[in-house]
Amino acid sequence: MHTRATDLVGIDVPIFAFSHCRDVVAAVSKAGGCGVLGAVAHSPEQLDIDLKWIESEVKGKPFGVDLLVPEKYAGAEEGGLEPRQLSDLLPEEHKAWVDDLLERYDVPPVPEDLAIPRGVGGMRIDPKSMAPLLDVLFQHDTALVASALGPPPPHFIERAHAAEIPVAALAGSVEHARRHAEAGADLIVAQGTEAGGHTGQIATMVLVPEVVDAVAPLPVLAAGGIARGRQLAAGMALGADGVWCGSVWLTTEEAETMPAVKEKFLEAGLGDTVRSRSITGKPARMLRTPWTDEWERPDGPGPLPMPMQPMLVGPALGRIHRVADKKGTGANDLATYFVGQVVGSMNTVKPTQRVVMEMVEEFIDSVERLEGLLHDEDD
Ligand SMILES: Cc1cc2nc3c(=O)[nH]c(=O)nc-3n(C[C@H](O)[C@H](O)[C@H](O)COP(=O)(O)O)c2cc1C
């Protein structure tokens with residue numbers, strides 16, 4: 001299949017796969033799509049190891065890397081505070097509330113030698129910790145770089161273009177898509193509210209054709225709620241040049257999704273997700289569990305903005321996830337993760353390559369069915 005998006009990165013099928021798991025990324029690229037490694041939580045050393053591994057697996061087939069480059073973050077005004085300084089700004093009320101939540105759900109403390117202090121680790125979203133990641137990224141044979149949370153900054157675009165690497169940018173609204181195009185992005189990912197992770201409020205069906213028209217002639221990928229061939233066909237019918245999927249890989253054989261969460265995903269229905277600020281401080285779609293419900297409580301303090309919320313809850317989530325596999329426990333009840341509405345269609349564990357093949361097969365069936373609508377039965 002040839003579209004402007006497949007030609008841009010040199011792939012055979014217009015399926016782009018966002019995943020934090022290098023095995024999924026490599027499997028999709030080997031199947032003819034473009035795996036894109038989500039590297040926001042990688043250290044520069046780990047990113048180098050993973051990209052070397054992917055390169056050895058895909059043997060010249062294209063793959064991409066995705067980083068979160070926000071326009072604004074708390075601390076920027078102060079000249080870029082260190083994570084430890086930022087963690088000193090966490091309100092006592094919030095810290096006490098999180099401690100109490102863990103107590104109420106009987107989540108055991110992490111042994112002292114394993115404990116992660118608040119404000120350390122987690123996402124790299126400030127310019128200071130992003131820079132070494134970019135250095136590693138541009139030493140590798142990357143076919144695409146992607147960024148979310150605001151238009152890609154000029155230094156990012158300039159560096160990518162100097163290395164002849166196209167830049168993709170995620171947009172949840174027409175205005176964002178226009179800003180990405182003006183900033184110099186080569187590929188716009190129009191991501192509807194159905195999507196897992198950070199997401200806006202406009203549905204994919206409504207958003208994609210508007211974005212396609214607004215940024216023409218730039219190619220657009222449809223994202224949010226796409227997990228099968230009929231949805232791939234729908235995305236292309238909306239004017240996209242390909243699709244960008246994230247949730248569907250979370251229940252593949254290769255996915256490193258926590259077993260407790262993977263099990264919940266396989267059982268979840270279409271209505272079991274919620275947009276919540278409880279993990280990152282920005283609205284992100286995830287599985288609804290007592291964790292997300294607790295953060296909505298009117299008598300609670302509510303989430304802090306990014307990047308304070310991940311600093312606040314990072315150690316708590318670590319404490320929950322360490323023991324979440326034990327059924328019938330508070331930790332198991334609380335456990336959640338980012339996932340989109342298509343979680344309701346993810347009912348069996350499959351190898352990644354089969355997911356890609358089935359998407360292509362069902363896409364072909366859909367196109368044939370639609371073509372059949374244009375012909376009389378006697379033709
Ligand atoms: C677990 C998970 C984590 C995500 N993290 C990121 C991220 O770090 N950067 C990003 O650009 N998009 C992220 N996304 C969004 C995906 O790139 C993609 O746009 C989205 O998953 C598409 O919708 P779908 O989930 O319905 O397939 C994430 C999605 C999921 C499911």
# chains A, B, ... in the order shown; residues from 1 in each chain; ligands from 1
>>> residues_around(residues="A:Ala335", least_positions_apart="2", cutoff="10 Å", atoms="only C-alpha atoms", output="PDB file with N, CA and C atoms, in the first residue's frame")
ATOM      1  N   MET A 258       1.727  -4.879  33.022  1.00  0.00           N
ATOM      2  CA  MET A 258       1.668  -5.645  34.280  1.00  0.00           C
ATOM      3  C   MET A 258       0.586  -6.711  34.204  1.00  0.00           C
ATOM      4  N   ALA A 260      -1.526  -8.000  36.276  1.00  0.00           N
ATOM      5  CA  ALA A 260      -2.819  -7.662  36.900  1.00  0.00           C
ATOM      6  C   ALA A 260      -3.612  -6.727  35.990  1.00  0.00           C
ATOM      7  N   VAL A 261      -2.909  -5.775  35.377  1.00  0.00           N
ATOM      8  CA  VAL A 261      -3.578  -4.786  34.525  1.00  0.00           C
ATOM      9  C   VAL A 261      -3.983  -5.425  33.193  1.00  0.00           C
ATOM     10  N   LYS A 264      -7.134  -7.161  33.668  1.00  0.00           N
ATOM     11  CA  LYS A 264      -8.262  -6.219  33.746  1.00  0.00           C
ATOM     12  C   LYS A 264      -8.635  -5.722  32.347  1.00  0.00           C
ATOM     13  N   LEU A 287      -7.888   3.054  32.445  1.00  0.00           N
ATOM     14  CA  LEU A 287      -8.932   2.183  32.964  1.00  0.00           C
ATOM     15  C   LEU A 287      -9.492   2.797  34.243  1.00  0.00           C
ATOM     16  N   ARG A 288     -10.832   2.822  34.344  1.00  0.00           N
ATOM     17  CA  ARG A 288     -11.442   3.348  35.565  1.00  0.00           C
ATOM     18  C   ARG A 288     -11.327   2.293  36.665  1.00  0.00           C
ATOM     19  N   THR A 289     -10.740   2.680  37.782  1.00  0.00           N
ATOM     20  CA  THR A 289     -10.627   1.780  38.943  1.00  0.00           C
ATOM     21  C   THR A 289     -10.860   2.641  40.187  1.00  0.00           C
ATOM     22  N   PRO A 290     -10.865   2.032  41.385  1.00  0.00           N
ATOM     23  CA  PRO A 290     -11.000   2.855  42.596  1.00  0.00           C
ATOM     24  C   PRO A 290      -9.948   3.975  42.666  1.00  0.00           C
ATOM     25  N   TRP A 291      -8.757   3.766  42.040  1.00  0.00           N
ATOM     26  CA  TRP A 291      -7.731   4.830  42.018  1.00  0.00           C
ATOM     27  C   TRP A 291      -8.278   6.095  41.360  1.00  0.00           C
ATOM     28  N   THR A 292      -8.883   5.956  40.164  1.00  0.00           N
ATOM     29  CA  THR A 292      -9.395   7.141  39.461  1.00  0.00           C
ATOM     30  C   THR A 292     -10.609   7.712  40.202  1.00  0.00           C
ATOM     31  N   LEU A 317       2.221   4.822  43.182  1.00  0.00           N
ATOM     32  CA  LEU A 317       1.893   3.863  42.120  1.00  0.00           C
ATOM     33  C   LEU A 317       2.902   2.709  42.127  1.00  0.00           C
ATOM     34  N   ILE A 320       1.854   0.435  44.823  1.00  0.00           N
ATOM     35  CA  ILE A 320       0.660  -0.333  44.440  1.00  0.00           C
ATOM     36  C   ILE A 320       1.049  -1.444  43.458  1.00  0.00           C
ATOM     37  N   HIS A 321       1.811  -1.076  42.426  1.00  0.00           N
ATOM     38  CA  HIS A 321       2.086  -2.024  41.345  1.00  0.00           C
ATOM     39  C   HIS A 321       3.015  -3.160  41.783  1.00  0.00           C
ATOM     40  N   VAL A 323       2.767  -4.942  44.313  1.00  0.00           N
ATOM     41  CA  VAL A 323       2.021  -6.070  44.892  1.00  0.00           C
ATOM     42  C   VAL A 323       0.652  -6.257  44.235  1.00  0.00           C
ATOM     43  N   ALA A 324       0.426  -5.567  43.093  1.00  0.00           N
ATOM     44  CA  ALA A 324      -0.924  -5.554  42.499  1.00  0.00           C
ATOM     45  C   ALA A 324      -1.368  -6.903  41.949  1.00  0.00           C
ATOM     46  N   ASP A 325      -0.413  -7.811  41.716  1.00  0.00           N
ATOM     47  CA  ASP A 325      -0.804  -9.100  41.131  1.00  0.00           C
ATOM     48  C   ASP A 325      -1.555  -9.997  42.115  1.00  0.00           C
ATOM     49  N   GLY A 330      -6.289  -4.596  48.107  1.00  0.00           N
ATOM     50  CA  GLY A 330      -6.548  -3.196  47.767  1.00  0.00           C
ATOM     51  C   GLY A 330      -5.665  -2.753  46.611  1.00  0.00           C
ATOM     52  N   ALA A 331      -4.417  -3.219  46.595  1.00  0.00           N
ATOM     53  CA  ALA A 331      -3.487  -2.833  45.530  1.00  0.00           C
ATOM     54  C   ALA A 331      -3.998  -3.328  44.175  1.00  0.00           C
ATOM     55  N   ASN A 332      -4.520  -4.539  44.156  1.00  0.00           N
ATOM     56  CA  ASN A 332      -5.059  -5.088  42.909  1.00  0.00           C
ATOM     57  C   ASN A 332      -6.263  -4.263  42.448  1.00  0.00           C
ATOM     58  N   ASP A 333      -7.109  -3.858  43.387  1.00  0.00           N
ATOM     59  CA  ASP A 333      -8.285  -3.039  43.034  1.00  0.00           C
ATOM     60  C   ASP A 333      -7.841  -1.688  42.445  1.00  0.00           C
ATOM     61  N   TYR A 337      -3.954   1.692  34.358  1.00  0.00           N
ATOM     62  CA  TYR A 337      -2.945   2.136  33.400  1.00  0.00           C
ATOM     63  C   TYR A 337      -3.680   2.820  32.253  1.00  0.00           C
TER      64      TYR A 337
END
>>> residues_near_ligand(ligand="ligand 1", cutoff="7 Å", atoms="only C-alpha atoms and all ligand atoms", output="PyMOL selection string")
chain A and resi 18+38-40+66-68+146-148+170+191+194-198+223-227+244-248+337-342
>>> write_last_selection(atoms="N, CA and C atoms", output="CSV table (one decimal), in the first residue's frame")
chain,number,residue,atom,x,y,z
A,18,PHE,N,2.4,3.0,18.5
A,18,PHE,CA,3.1,3.6,19.6
A,18,PHE,C,3.2,2.5,20.7
A,38,GLY,N,7.9,4.7,22.7
A,38,GLY,CA,7.6,5.7,23.6
A,38,GLY,C,8.8,5.8,24.6
A,39,ALA,N,9.5,6.9,24.6
A,39,ALA,CA,10.8,6.9,25.3
A,39,ALA,C,10.8,8.0,26.5
A,40,VAL,N,9.6,8.4,26.8
A,40,VAL,CA,9.6,9.5,27.8
A,40,VAL,C,10.1,9.1,29.2
A,66,ASP,N,9.2,8.3,20.2
A,66,ASP,CA,8.3,9.4,20.6
A,66,ASP,C,8.7,9.9,22.0
A,67,LEU,N,8.7,11.2,22.0
A,67,LEU,CA,9.1,11.9,23.3
A,67,LEU,C,8.0,12.9,23.6
A,68,LEU,N,7.8,13.2,24.9
A,68,LEU,CA,6.8,14.3,25.3
A,68,LEU,C,7.5,15.6,25.4
A,146,ALA,N,8.6,11.6,17.0
A,146,ALA,CA,7.3,12.2,17.3
A,146,ALA,C,7.3,12.9,18.6
A,147,SER,N,6.4,13.9,18.7
A,147,SER,CA,6.3,14.6,20.0
A,147,SER,C,4.9,14.9,20.3
A,148,ALA,N,4.5,14.9,21.6
A,148,ALA,CA,3.1,15.2,22.0
A,148,ALA,C,3.2,16.4,22.9
A,170,LEU,N,1.4,15.0,17.7
A,170,LEU,CA,0.0,14.6,18.0
A,170,LEU,C,-0.8,15.8,18.3
A,191,GLN,N,-5.6,12.8,17.0
A,191,GLN,CA,-5.9,11.8,18.0
A,191,GLN,C,-7.2,12.2,18.7
A,194,GLU,N,-11.2,9.1,22.2
A,194,GLU,CA,-11.2,7.7,22.5
A,194,GLU,C,-9.9,7.1,22.9
A,195,ALA,N,-8.8,7.8,22.6
A,195,ALA,CA,-7.5,7.3,22.7
A,195,ALA,C,-7.1,7.0,24.2
A,196,GLY,N,-6.1,6.1,24.4
A,196,GLY,CA,-5.5,5.9,25.6
A,196,GLY,C,-4.4,7.0,25.8
A,197,GLY,N,-4.1,7.3,27.0
A,197,GLY,CA,-3.1,8.3,27.3
A,197,GLY,C,-3.7,9.7,27.2
A,198,HIS,N,-2.8,10.8,27.2
A,198,HIS,CA,-3.3,12.2,27.1
A,198,HIS,C,-4.2,12.4,25.9
A,223,ALA,N,-5.9,8.6,14.8
A,223,ALA,CA,-5.6,7.9,16.1
A,223,ALA,C,-6.7,8.0,17.0
A,224,GLY,N,-6.8,7.0,17.9
A,224,GLY,CA,-7.9,7.0,18.9
A,224,GLY,C,-9.0,6.1,18.5
A,225,GLY,N,-9.0,4.9,19.1
A,225,GLY,CA,-10.1,4.0,18.9
A,225,GLY,C,-9.9,3.1,17.7
A,226,ILE,N,-8.6,3.0,17.2
A,226,ILE,CA,-8.3,2.2,16.1
A,226,ILE,C,-7.5,0.9,16.5
A,227,ALA,N,-8.2,-0.2,16.3
A,227,ALA,CA,-7.6,-1.5,16.7
A,227,ALA,C,-7.8,-2.6,15.7
A,244,TRP,N,-2.5,5.5,13.6
A,244,TRP,CA,-1.5,5.5,14.7
A,244,TRP,C,-2.2,4.8,15.9
A,245,CYS,N,-1.8,3.7,16.4
A,245,CYS,CA,-2.5,2.9,17.4
A,245,CYS,C,-1.6,2.8,18.6
A,246,GLY,N,-2.2,2.8,19.8
A,246,GLY,CA,-1.4,2.6,21.0
A,246,GLY,C,-2.0,1.5,21.9
A,247,SER,N,-3.3,1.6,22.2
A,247,SER,CA,-3.9,0.6,23.1
A,247,SER,C,-3.8,-0.8,22.7
A,248,VAL,N,-4.0,-1.1,21.4
A,248,VAL,CA,-4.2,-2.5,21.0
A,248,VAL,C,-3.0,-3.3,21.2
A,337,TYR,N,-4.0,1.7,34.4
A,337,TYR,CA,-2.9,2.1,33.4
A,337,TYR,C,-3.7,2.8,32.3
A,338,PHE,N,-2.9,3.6,31.5
A,338,PHE,CA,-3.5,4.3,30.3
A,338,PHE,C,-4.0,3.2,29.3
A,339,VAL,N,-5.2,3.5,28.8
A,339,VAL,CA,-5.8,2.6,27.8
A,339,VAL,C,-7.0,3.4,27.2
A,340,GLY,N,-7.3,3.1,25.9
A,340,GLY,CA,-8.4,3.8,25.3
A,340,GLY,C,-9.7,3.0,25.3
A,341,GLN,N,-10.7,3.5,24.7
A,341,GLN,CA,-12.0,2.8,24.7
A,341,GLN,C,-12.0,1.5,24.0
A,342,VAL,N,-11.1,1.3,23.1
A,342,VAL,CA,-11.0,0.0,22.4
A,342,VAL,C,-10.6,-1.1,23.3
>>> closest_residue(among="A:Pro91, A:His140, A:His176, A:Gly150", to="A:Glu55", atoms="only C-alpha atoms")
A:His140
>>> residues_around(residues="A:Glu182", least_positions_apart="5", cutoff="10 Å", atoms="only C-alpha atoms", output="list in words")
Pro151, His176, Ala177 and Val215 of chain A
>>> write_last_selection(atoms="N, CA, C and O atoms", output="mmCIF file, in the first residue's frame")
data_model
loop_
_atom_site.group_PDB
_atom_site.id
_atom_site.type_symbol
_atom_site.label_atom_id
_atom_site.label_comp_id
_atom_site.auth_asym_id
_atom_site.auth_seq_id
_atom_site.Cartn_x
_atom_site.Cartn_y
_atom_site.Cartn_z
ATOM 1 N N PRO A 151 3.306 22.010 20.283
ATOM 2 C CA PRO A 151 4.051 21.953 19.025
ATOM 3 C C PRO A 151 5.511 21.587 19.272
ATOM 4 O O PRO A 151 6.074 21.988 20.285
ATOM 5 N N HIS A 176 -4.587 22.855 17.519
ATOM 6 C CA HIS A 176 -3.273 22.260 17.818
ATOM 7 C C HIS A 176 -2.623 21.764 16.527
ATOM 8 O O HIS A 176 -1.423 21.938 16.310
ATOM 9 N N ALA A 177 -3.413 21.133 15.676
ATOM 10 C CA ALA A 177 -2.866 20.585 14.424
ATOM 11 C C ALA A 177 -2.289 21.717 13.571
ATOM 12 O O ALA A 177 -1.200 21.597 13.012
ATOM 13 N N VAL A 215 -4.714 21.089 7.602
ATOM 14 C CA VAL A 215 -3.243 21.064 7.445
ATOM 15 C C VAL A 215 -2.809 20.639 6.042
ATOM 16 O O VAL A 215 -1.610 20.473 5.796
#
>>> closest_residue(among="A:Gln353, A:Gln46, A:Thr204, A:Gln309", to="A:Ala222", atoms="only C-alpha atoms")
A:Thr204
>>> decode(residues="stretch 268-280 of chain A", atoms="all heavy atoms", output="PDB file, in the first residue's frame")
ATOM      1  N   ALA A 268     -12.253  -5.847  30.442  1.00  0.00           N
ATOM      2  CA  ALA A 268     -12.948  -4.545  30.454  1.00  0.00           C
ATOM      3  C   ALA A 268     -13.894  -4.383  29.262  1.00  0.00           C
ATOM      4  O   ALA A 268     -13.695  -4.976  28.203  1.00  0.00           O
ATOM      5  CB  ALA A 268     -11.915  -3.421  30.462  1.00  0.00           C
ATOM      6  N   GLY A 269     -14.904  -3.547  29.459  1.00  0.00           N
ATOM      7  CA  GLY A 269     -15.853  -3.221  28.391  1.00  0.00           C
ATOM      8  C   GLY A 269     -15.549  -1.864  27.776  1.00  0.00           C
ATOM      9  O   GLY A 269     -14.659  -1.140  28.249  1.00  0.00           O
ATOM     10  N   LEU A 270     -16.309  -1.492  26.740  1.00  0.00           N
ATOM     11  CA  LEU A 270     -16.055  -0.249  26.004  1.00  0.00           C
ATOM     12  C   LEU A 270     -16.198   0.993  26.899  1.00  0.00           C
ATOM     13  O   LEU A 270     -15.593   2.019  26.640  1.00  0.00           O
ATOM     14  CB  LEU A 270     -17.023  -0.136  24.828  1.00  0.00           C
ATOM     15  CG  LEU A 270     -16.910  -1.208  23.728  1.00  0.00           C
ATOM     16  CD1 LEU A 270     -18.061  -1.083  22.732  1.00  0.00           C
ATOM     17  CD2 LEU A 270     -15.578  -1.101  22.995  1.00  0.00           C
ATOM     18  N   GLY A 271     -17.011   0.880  27.937  1.00  0.00           N
ATOM     19  CA  GLY A 271     -17.281   2.054  28.781  1.00  0.00           C
ATOM     20  C   GLY A 271     -16.450   2.086  30.057  1.00  0.00           C
ATOM     21  O   GLY A 271     -16.746   2.872  30.966  1.00  0.00           O
ATOM     22  N   ASP A 272     -15.422   1.275  30.134  1.00  0.00           N
ATOM     23  CA  ASP A 272     -14.685   1.153  31.401  1.00  0.00           C
ATOM     24  C   ASP A 272     -13.455   2.051  31.509  1.00  0.00           C
ATOM     25  O   ASP A 272     -12.600   1.819  32.356  1.00  0.00           O
ATOM     26  CB  ASP A 272     -14.263  -0.313  31.628  1.00  0.00           C
ATOM     27  CG  ASP A 272     -15.459  -1.177  31.978  1.00  0.00           C
ATOM     28  OD1 ASP A 272     -16.490  -0.607  32.388  1.00  0.00           O
ATOM     29  OD2 ASP A 272     -15.377  -2.405  31.828  1.00  0.00           O
ATOM     30  N   THR A 273     -13.337   3.063  30.634  1.00  0.00           N
ATOM     31  CA  THR A 273     -12.204   3.986  30.773  1.00  0.00           C
ATOM     32  C   THR A 273     -12.717   5.354  31.214  1.00  0.00           C
ATOM     33  O   THR A 273     -13.908   5.643  31.122  1.00  0.00           O
ATOM     34  CB  THR A 273     -11.435   4.170  29.444  1.00  0.00           C
ATOM     35  OG1 THR A 273     -12.293   4.829  28.508  1.00  0.00           O
ATOM     36  CG2 THR A 273     -10.960   2.843  28.882  1.00  0.00           C
ATOM     37  N   VAL A 274     -11.780   6.191  31.642  1.00  0.00           N
ATOM     38  CA  VAL A 274     -12.151   7.535  32.083  1.00  0.00           C
ATOM     39  C   VAL A 274     -10.973   8.474  31.787  1.00  0.00           C
ATOM     40  O   VAL A 274      -9.828   8.038  31.789  1.00  0.00           O
ATOM     41  CB  VAL A 274     -12.494   7.498  33.598  1.00  0.00           C
ATOM     42  CG1 VAL A 274     -11.298   7.087  34.448  1.00  0.00           C
ATOM     43  CG2 VAL A 274     -13.040   8.803  34.102  1.00  0.00           C
ATOM     44  N   ARG A 275     -11.287   9.739  31.471  1.00  0.00           N
ATOM     45  CA  ARG A 275     -10.223  10.749  31.352  1.00  0.00           C
ATOM     46  C   ARG A 275      -9.942  11.252  32.754  1.00  0.00           C
ATOM     47  O   ARG A 275     -10.849  11.769  33.404  1.00  0.00           O
ATOM     48  CB  ARG A 275     -10.698  11.913  30.492  1.00  0.00           C
ATOM     49  CG  ARG A 275     -10.335  11.826  29.031  1.00  0.00           C
ATOM     50  CD  ARG A 275     -10.993  12.966  28.283  1.00  0.00           C
ATOM     51  NE  ARG A 275     -10.126  14.091  28.028  1.00  0.00           N
ATOM     52  CZ  ARG A 275     -10.324  15.322  28.452  1.00  0.00           C
ATOM     53  NH1 ARG A 275     -11.364  15.631  29.187  1.00  0.00           N
ATOM     54  NH2 ARG A 275      -9.494  16.292  28.110  1.00  0.00           N
ATOM     55  N   SER A 276      -8.710  11.091  33.198  1.00  0.00           N
ATOM     56  CA  SER A 276      -8.387  11.420  34.584  1.00  0.00           C
ATOM     57  C   SER A 276      -7.036  12.120  34.646  1.00  0.00           C
ATOM     58  O   SER A 276      -6.127  11.803  33.889  1.00  0.00           O
ATOM     59  CB  SER A 276      -8.341  10.105  35.385  1.00  0.00           C
ATOM     60  OG  SER A 276      -7.699  10.289  36.621  1.00  0.00           O
ATOM     61  N   ARG A 277      -6.908  13.079  35.585  1.00  0.00           N
ATOM     62  CA  ARG A 277      -5.627  13.780  35.769  1.00  0.00           C
ATOM     63  C   ARG A 277      -4.802  13.138  36.882  1.00  0.00           C
ATOM     64  O   ARG A 277      -3.804  13.672  37.319  1.00  0.00           O
ATOM     65  CB  ARG A 277      -5.894  15.255  36.091  1.00  0.00           C
ATOM     66  CG  ARG A 277      -6.499  16.040  34.914  1.00  0.00           C
ATOM     67  CD  ARG A 277      -6.851  17.469  35.305  1.00  0.00           C
ATOM     68  NE  ARG A 277      -5.753  18.070  36.008  1.00  0.00           N
ATOM     69  CZ  ARG A 277      -5.878  18.821  37.113  1.00  0.00           C
ATOM     70  NH1 ARG A 277      -7.064  19.045  37.625  1.00  0.00           N
ATOM     71  NH2 ARG A 277      -4.812  19.329  37.705  1.00  0.00           N
ATOM     72  N   SER A 278      -5.239  11.948  37.328  1.00  0.00           N
ATOM     73  CA  SER A 278      -4.684  11.365  38.552  1.00  0.00           C
ATOM     74  C   SER A 278      -3.265  10.819  38.420  1.00  0.00           C
ATOM     75  O   SER A 278      -2.628  10.553  39.430  1.00  0.00           O
ATOM     76  CB  SER A 278      -5.612  10.252  39.053  1.00  0.00           C
ATOM     77  OG  SER A 278      -5.687   9.223  38.078  1.00  0.00           O
ATOM     78  N   ILE A 279      -2.761  10.609  37.210  1.00  0.00           N
ATOM     79  CA  ILE A 279      -1.392  10.069  37.089  1.00  0.00           C
ATOM     80  C   ILE A 279      -0.399  11.150  36.664  1.00  0.00           C
ATOM     81  O   ILE A 279       0.673  11.273  37.230  1.00  0.00           O
ATOM     82  CB  ILE A 279      -1.344   8.864  36.114  1.00  0.00           C
ATOM     83  CG1 ILE A 279      -2.198   7.708  36.665  1.00  0.00           C
ATOM     84  CG2 ILE A 279       0.108   8.384  35.939  1.00  0.00           C
ATOM     85  CD1 ILE A 279      -2.175   6.443  35.839  1.00  0.00           C
ATOM     86  N   THR A 280      -0.771  11.952  35.652  1.00  0.00           N
ATOM     87  CA  THR A 280       0.217  12.912  35.126  1.00  0.00           C
ATOM     88  C   THR A 280      -0.124  14.364  35.428  1.00  0.00           C
ATOM     89  O   THR A 280       0.689  15.251  35.183  1.00  0.00           O
ATOM     90  CB  THR A 280       0.354  12.784  33.591  1.00  0.00           C
ATOM     91  OG1 THR A 280      -0.857  13.261  32.997  1.00  0.00           O
ATOM     92  CG2 THR A 280       0.628  11.355  33.166  1.00  0.00           C
TER      93      THR A 280
END
